[in-house]
Structure formats: C-alpha cells, structure tokens
$ cat my_file_14.cif   # mmCIF, C-alpha atoms
data_entry
loop_
_atom_site.label_atom_id
_atom_site.label_comp_id
_atom_site.auth_asym_id
_atom_site.auth_seq_id
_atom_site.Cartn_x
_atom_site.Cartn_y
_atom_site.Cartn_z
CA MET A 1 19.03 -12.40 -13.79
CA ASN A 2 21.48 -11.37 -11.06
CA ASN A 3 19.23 -12.95 -8.42
CA PHE A 4 19.18 -16.18 -10.42
CA PHE A 5 22.97 -16.38 -10.48
CA ASP A 6 23.18 -15.44 -6.80
CA ASN A 7 20.81 -18.27 -5.89
CA LEU A 8 22.76 -20.62 -8.13
CA LYS A 9 25.93 -19.61 -6.34
CA TYR A 10 24.38 -20.31 -2.93
CA LEU A 11 23.09 -23.67 -4.12
CA PHE A 12 26.55 -24.59 -5.40
CA TRP A 13 28.23 -23.82 -2.08
CA VAL A 14 25.60 -25.63 -0.03
CA THR A 15 25.90 -28.68 -2.28
CA LEU A 16 29.69 -28.58 -2.02
CA ILE A 17 29.53 -28.40 1.77
CA VAL A 18 27.07 -31.30 1.97
CA VAL A 19 29.13 -33.49 -0.38
CA PHE A 20 32.34 -32.68 1.49
CA ALA A 21 30.73 -33.50 4.84
CA PHE A 22 29.42 -36.87 3.68
CA LEU A 23 32.70 -37.78 2.03
CA THR A 24 34.51 -36.94 5.25
CA ILE A 25 32.12 -39.10 7.24
CA SER A 26 32.30 -42.02 4.81
CA VAL A 27 36.12 -42.24 4.80
CA SER A 28 36.58 -41.59 8.49
CA THR A 29 37.48 -44.58 10.68
CA LYS A 30 36.67 -42.67 13.84
CA PRO A 31 33.20 -42.32 15.39
CA VAL A 32 31.21 -39.59 13.68
CA ASP A 33 30.73 -36.40 15.67
CA TYR A 34 27.20 -35.64 14.47
CA PHE A 35 26.96 -32.55 16.65
CA SER A 36 29.94 -30.97 14.89
CA VAL A 37 28.47 -31.87 11.51
CA TYR A 38 25.16 -30.28 12.52
CA ILE A 39 26.90 -27.10 13.71
CA GLY A 40 28.80 -26.95 10.44
CA PHE A 41 25.59 -27.18 8.42
CA LEU A 42 23.91 -24.59 10.63
CA LEU A 43 26.76 -22.10 10.28
CA SER A 44 26.79 -22.61 6.51
CA PHE A 45 23.10 -21.86 6.17
CA LEU A 46 23.36 -18.87 8.51
CA GLY A 47 26.18 -17.52 6.38
CA ILE A 48 24.06 -17.84 3.26
CA TYR A 49 21.06 -16.22 4.98
CA PHE A 50 22.99 -13.22 6.32
CA ASN A 51 24.75 -12.72 2.99
CA ASP A 52 21.38 -12.50 1.25
CA TYR A 53 19.81 -10.34 3.99
CA PHE A 54 22.56 -7.73 4.04
CA THR A 55 23.14 -7.56 0.27
CA LYS A 56 19.59 -7.53 -1.13
CA PRO A 57 18.24 -4.12 -2.25
CA ASN A 58 17.10 -1.81 0.54
CA ILE A 59 14.48 0.41 -1.10
CA LYS A 60 13.36 3.65 0.55
CA ILE A 61 10.44 5.64 -0.92
CA CYS A 62 10.85 9.35 -0.17
CA LEU A 63 9.30 12.68 -1.02
CA GLY A 64 10.98 14.18 -4.05
CA SER A 65 11.27 17.64 -5.53
CA GLU A 66 8.50 20.04 -6.57
CA ASP A 67 9.50 21.41 -9.96
CA GLU A 68 7.84 24.40 -11.60
CA SER A 69 8.34 25.36 -15.23
CA PRO A 70 10.41 28.54 -15.76
CA ASN A 71 7.33 30.50 -16.83
CA GLY A 72 5.29 29.26 -13.86
CA THR A 73 2.59 27.59 -15.95
CA LEU A 74 2.87 24.08 -14.53
CA LYS A 75 4.31 22.13 -11.64
CA PHE A 76 5.38 18.51 -11.11
CA VAL A 77 5.52 16.71 -7.77
CA HIS A 78 7.94 13.79 -7.44
CA ILE A 79 8.93 10.84 -5.31
CA ASN A 80 12.44 9.43 -5.00
CA ILE A 81 13.15 5.71 -5.03
CA ILE A 82 16.45 5.14 -3.23
CA ASN A 83 18.33 1.87 -2.79
CA LEU A 84 20.08 2.70 0.47
CA ASP A 85 23.43 0.98 0.92
CA ASN A 86 24.82 -0.27 4.23
CA PRO A 87 26.91 2.17 6.31
CA SER A 88 30.49 2.56 5.14
CA TRP A 89 31.80 0.94 8.33
CA PHE A 90 29.80 -2.19 7.50
CA PHE A 91 32.21 -3.00 4.70
CA ILE A 92 31.71 -6.78 4.70
CA PHE A 93 28.41 -6.56 2.84
CA ARG A 94 27.32 -4.11 0.14
CA ARG A 95 23.81 -3.82 -1.29
CA ARG A 96 23.05 -5.11 -4.78
CA SER A 97 21.38 -3.02 -7.45
CA ALA A 98 17.61 -3.32 -7.56
CA GLU A 99 16.94 -4.87 -10.95
CA TYR A 100 13.83 -4.52 -13.11
CA CYS A 101 12.24 -1.89 -10.87
CA LYS A 102 8.70 -0.79 -11.66
CA VAL A 103 6.57 1.60 -9.62
CA LYS A 104 2.80 1.23 -9.51
CA LEU A 105 0.91 4.37 -8.49
CA LYS A 106 -2.66 4.13 -7.25
CA ILE A 107 -4.59 7.32 -6.52
CA LEU A 108 -7.64 7.12 -4.25
CA ASN A 109 -10.20 9.61 -2.98
CA THR A 110 -10.90 10.24 0.70
CA ASP A 111 -13.48 7.42 0.70
CA GLY A 112 -10.83 4.93 -0.36
CA ASN A 113 -12.12 4.45 -3.90
CA THR A 114 -9.47 4.02 -6.60
CA LEU A 115 -9.66 6.79 -9.19
CA CYS A 116 -6.74 5.74 -11.36
CA SER A 117 -3.86 3.29 -11.28
CA PHE A 118 -0.81 3.18 -13.53
CA PHE A 119 2.90 2.41 -13.72
CA GLY A 120 5.04 5.49 -13.20
CA ARG A 121 7.69 6.84 -15.51
CA TRP A 122 11.33 7.10 -14.40
CA SER A 123 12.62 10.64 -14.94
CA SER A 124 16.05 9.25 -15.84
CA LYS A 125 14.60 7.71 -19.00
CA GLY A 126 14.34 9.56 -22.29
CA GLU A 127 11.03 11.12 -23.26
CA PRO A 128 8.84 8.77 -25.36
CA ILE A 129 8.78 11.07 -28.36
CA THR A 130 10.46 11.14 -31.76
CA SER A 131 12.73 13.86 -33.10
CA ASP A 132 9.71 15.60 -34.64
CA ARG A 133 7.89 15.56 -31.26
CA LYS A 134 5.50 12.70 -32.05
CA ILE A 135 4.62 9.97 -29.56
CA ASP A 136 6.77 6.84 -29.82
CA ILE A 137 4.85 4.04 -28.08
CA SER A 138 7.77 1.65 -28.58
CA LYS A 139 9.68 3.61 -25.91
CA PHE A 140 6.99 3.17 -23.25
CA PRO A 141 8.32 -0.10 -21.77
CA GLU A 142 11.76 1.47 -21.43
CA GLY A 143 10.35 4.29 -19.31
CA VAL A 144 8.63 1.91 -16.88
CA ILE A 145 11.60 -0.29 -15.92
CA ALA A 146 14.87 0.80 -14.34
CA SER A 147 17.81 -0.58 -12.38
CA VAL A 148 18.41 1.40 -9.18
CA SER A 149 22.01 1.40 -7.96
CA PRO A 150 22.86 1.62 -4.24
CA SER A 151 23.15 5.10 -2.72
CA LYS A 152 25.42 5.97 0.20
CA SER A 153 22.76 8.21 1.76
CA LEU A 154 19.16 9.34 1.28
CA ASP A 155 20.50 12.56 -0.26
CA GLU A 156 22.33 10.69 -3.01
CA LEU A 157 19.78 10.11 -5.76
CA GLN A 158 20.72 7.61 -8.46
CA GLU A 159 18.11 6.62 -11.06
CA GLY A 160 15.10 6.89 -8.78
CA LYS A 161 13.32 10.19 -9.50
CA MET A 162 9.69 9.82 -10.60
CA ALA A 163 6.88 12.32 -11.23
CA VAL A 164 3.58 11.45 -9.56
CA ALA A 165 1.35 14.23 -10.87
CA VAL A 166 1.33 17.54 -12.74
CA LYS A 167 -0.84 20.66 -12.42
CA PHE A 168 -1.30 23.66 -14.70
CA HIS A 169 -1.66 27.11 -13.12
CA ASN A 170 -5.20 28.48 -12.81
CA GLU A 171 -6.75 25.18 -13.85
CA ASN A 172 -9.02 23.13 -11.63
CA PRO A 173 -7.73 19.58 -12.14
CA CYS A 174 -4.31 18.07 -11.71
CA TYR A 175 -3.25 14.90 -13.52
CA GLY A 176 -1.45 11.70 -12.67
CA PHE A 177 1.65 11.37 -14.80
CA ASN A 178 3.39 8.63 -16.78
CA ASP A 179 4.52 7.91 -20.36
CA TRP A 180 0.97 8.04 -21.70
CA SER A 181 0.68 11.65 -20.52
CA TYR A 182 2.83 12.76 -23.45
CA ALA A 183 0.04 11.73 -25.83
CA TYR A 184 -2.31 14.24 -24.15
CA ASP A 185 0.04 17.19 -23.53
CA PHE A 186 0.33 16.00 -19.90
CA LYS A 187 -3.48 16.14 -19.45
CA HIS A 188 -4.45 12.48 -19.62
CA PRO A 189 -8.26 12.43 -19.18
CA GLN A 190 -8.21 9.11 -17.30
CA PHE A 191 -5.71 10.53 -14.79
CA ALA A 192 -7.62 13.80 -14.18
CA LEU A 193 -8.18 14.71 -10.51
CA GLN A 194 -10.48 17.57 -9.58
CA ARG A 195 -9.79 19.91 -6.68
CA GLY A 196 -9.44 18.03 -3.43
CA LYS A 197 -7.16 15.81 -1.38
CA TYR A 198 -6.10 12.35 -2.51
CA LYS A 199 -4.23 9.36 -1.18
CA VAL A 200 -1.39 7.99 -3.31
CA ASN A 201 -0.37 4.35 -2.82
CA VAL A 202 3.15 3.67 -4.08
CA GLU A 203 4.27 0.11 -4.73
CA VAL A 204 7.85 -0.48 -5.84
CA GLN A 205 8.30 -3.83 -7.56
CA THR A 206 11.77 -5.30 -8.06
CA SER A 207 12.68 -8.67 -9.52
CA SER A 208 12.22 -10.31 -6.10
CA GLN A 209 10.78 -7.77 -3.62
CA ARG A 210 7.89 -5.37 -2.99
CA PHE A 211 7.98 -2.08 -1.07
CA TYR A 212 5.06 0.19 -0.16
CA LYS A 213 4.39 3.71 1.06
CA ASP A 214 1.45 6.15 1.13
CA PHE A 215 1.43 9.87 0.34
CA THR A 216 -1.16 12.64 0.26
CA LEU A 217 -1.69 14.66 -2.92
CA ASN A 218 -3.08 18.14 -2.25
CA ASN A 219 -4.91 19.89 -5.09
CA GLN A 220 -7.18 22.31 -3.27
CA SER A 221 -6.81 25.55 -5.21
CA LEU A 222 -6.12 26.92 -8.68
CA ASP A 223 -2.66 28.10 -7.66
CA ILE A 224 0.17 25.66 -8.35
CA LYS A 225 1.89 26.97 -5.20
CA ASP A 226 -0.72 25.02 -3.21
CA PHE A 227 -0.21 21.85 -5.25
CA THR A 228 1.87 19.54 -3.03
CA LEU A 229 2.69 15.95 -2.20
CA THR A 230 3.12 15.19 1.51
CA SER A 231 3.78 12.25 3.80
CA LYS A 232 2.98 11.58 7.45
CA ALA A 233 6.29 9.78 7.88
CA VAL A 234 9.06 11.88 9.39
CA SER A 235 11.65 10.28 7.12
CA CYS A 236 11.96 7.63 4.44
#
$ encode --input "my_file_14.cif" --output "structure tokens"
Amino acid sequence: MNNFFDNLKYLFWVTLIVVFAFLTISVSTKPVDYFSVYIGFLLSFLGIYFNDYFTKPNIKICLGSEDESPNGTLKFVHINIINLDNPSWFFIFRRRSAEYCKVKLKILNTDGNTLCSFFGRWSSKGEPITSDRKIDISKFPEGVIASVSPSKSLDELQEGKMAVAVKFHNENPCYGFNDWSYAYDFKHPQFALQRGKYKVNVEVQTSSQRFYKDFTLNNQSLDIKDFTLTSKAVSC
C-alpha cells in the first residue's frame, strides 16, 4: 500500500510539473525556449528516479545464529533478512520499510534436484499454537508475512530472523522448518533431509522486489555440533 501511495505522489508531481510548463508556454508572449523546458522535464524525472532508487528497501540476506536448546537435544540454523539503510551521512534519503515480506526456501541435493520448497516462518511472529498447545492453522498466514524496518547496520537485526532447518541430536535426518513443523513436533516428513550436504535457495519477496541468495546446509553426522549453514559469500 505504501508503494501505491508513493507512486501516486510521483504521478501527482509529474502531472503538476507538466501542467505548469504548458500553462507557462501558452501564456508567454516570448519565443518558447524548448531546450529549457526539456531540461526541466529531464531534471524532474531524474529527481523522481533517484528518490525511488535511494529510498526503496535494500534487502541483505545474511547468515544468522545457530541456536541449541538448553539441554542440547536440538539445534536450529537461521538466516537474517536485513533492510540496510543508507549511511548516516547520506541524510537526504532514508530507506523505506520492506512491506509484505515473504521468504521462499528451496532445498536441493547436490544434483540440483529440489527436495522441498516452502515459505519460511519469521521468528518475530508468535508460535502458531493455542494456549493448550494445539496447532492453530489460522495463525499460519501471520507467520509468513512481515514488514522489515530499515537497520543502520548489518549487526542491527529488526524483524528479519528466520529458521531454515532444525536437527535433533543423534538422529540421522534434519528437517526444513516453517509453521507446519509445529504440527509434527518439528519433524515434518516432507521436509526431512537425510545425512548429506544440501543447497538452500533463498528468495525474499517484497511487495515490489525480489532478492536471492544461496547457502549450503551441512548435515553430515549425528552430532548437532556438525549441523551448520554456510555461505561462500564473504559478507551479506
């Protein structure tokens, strides 16, 4: 909705500039300086373009934390979705929040075959369960969509933490993770991944943009200490 109003605002200003220019030309008794009019139009459109370019969300997909349960029975691996703001010295433009963010996770084997694909669950959202610990499917859409506010640095995490997979100690498989995992005590059979190495495609979808990054999921032993998510990229 914010993008709609932003575009409406740009359209309003462009229309106003065009109307003003033609009114000026029509009432002028002097020869029209078409070059100046052209430069005025060009500068107006450049202003609109740069405003959009430097204020639209700037999504970075980074490695997140590796969280073990206190008793050491299971471990989650995460990614962080960060909407990185412009530097503080670049005060003219600030980034907008990324609205209606969804993250699609696709896990593939080493041959490139897709094993499972699902929308991830934002950790900032409440668990999709009722007070008596039963599954509440009505909460599933809420867990999939989030608005990610701008962060001043890659170390400042707003709403963007998301679990990719979970592994139980001394068990062979690990499991992809999302809201549906709660219905299977985190062991969703369709998300089961036997021992091995896997490629994880991450696609972040906002209301108007798409961002992509690949990771490697390592599940090569029974020990959760060896269960990791890695990336070839040096940084986000």
$ residues_around --input "my_file_14.cif" --residues "Leu108 (chain A)" --least-positions-apart "2" --cutoff "7 Å" --atoms "all atoms listed in the file" --output "number ranges by chain"
A: 106, 110, 112-115, 198-200
$ closest_residue --input "my_file_14.cif" --among "A:Asn178, A:Ser65, A:Thr230, A:Gln209" --to "Gln190 (chain A)" --atoms "only C-alpha atoms"
A:Asn178
$ closest_residue --input "my_file_14.cif" --among "A:Trp89, A:Trp180, A:Phe50, A:Phe168" --to "Ile224 (chain A)" --atoms "only C-alpha atoms"
A:Phe168
$ atom_distance --input "my_file_14.cif" --atom1 "CA of Ala165 (chain A)" --atom2 "CA of Asn71 (chain A)"
18.3 Å
$ resolve_selection --input "my_file_14.cif" --expression "the PyMOL selection byres ((chain A and resi 225) around 12)" --output "PyMOL selection string"
chain A and resi 66-68+72-77+167-170+218-224+226-229
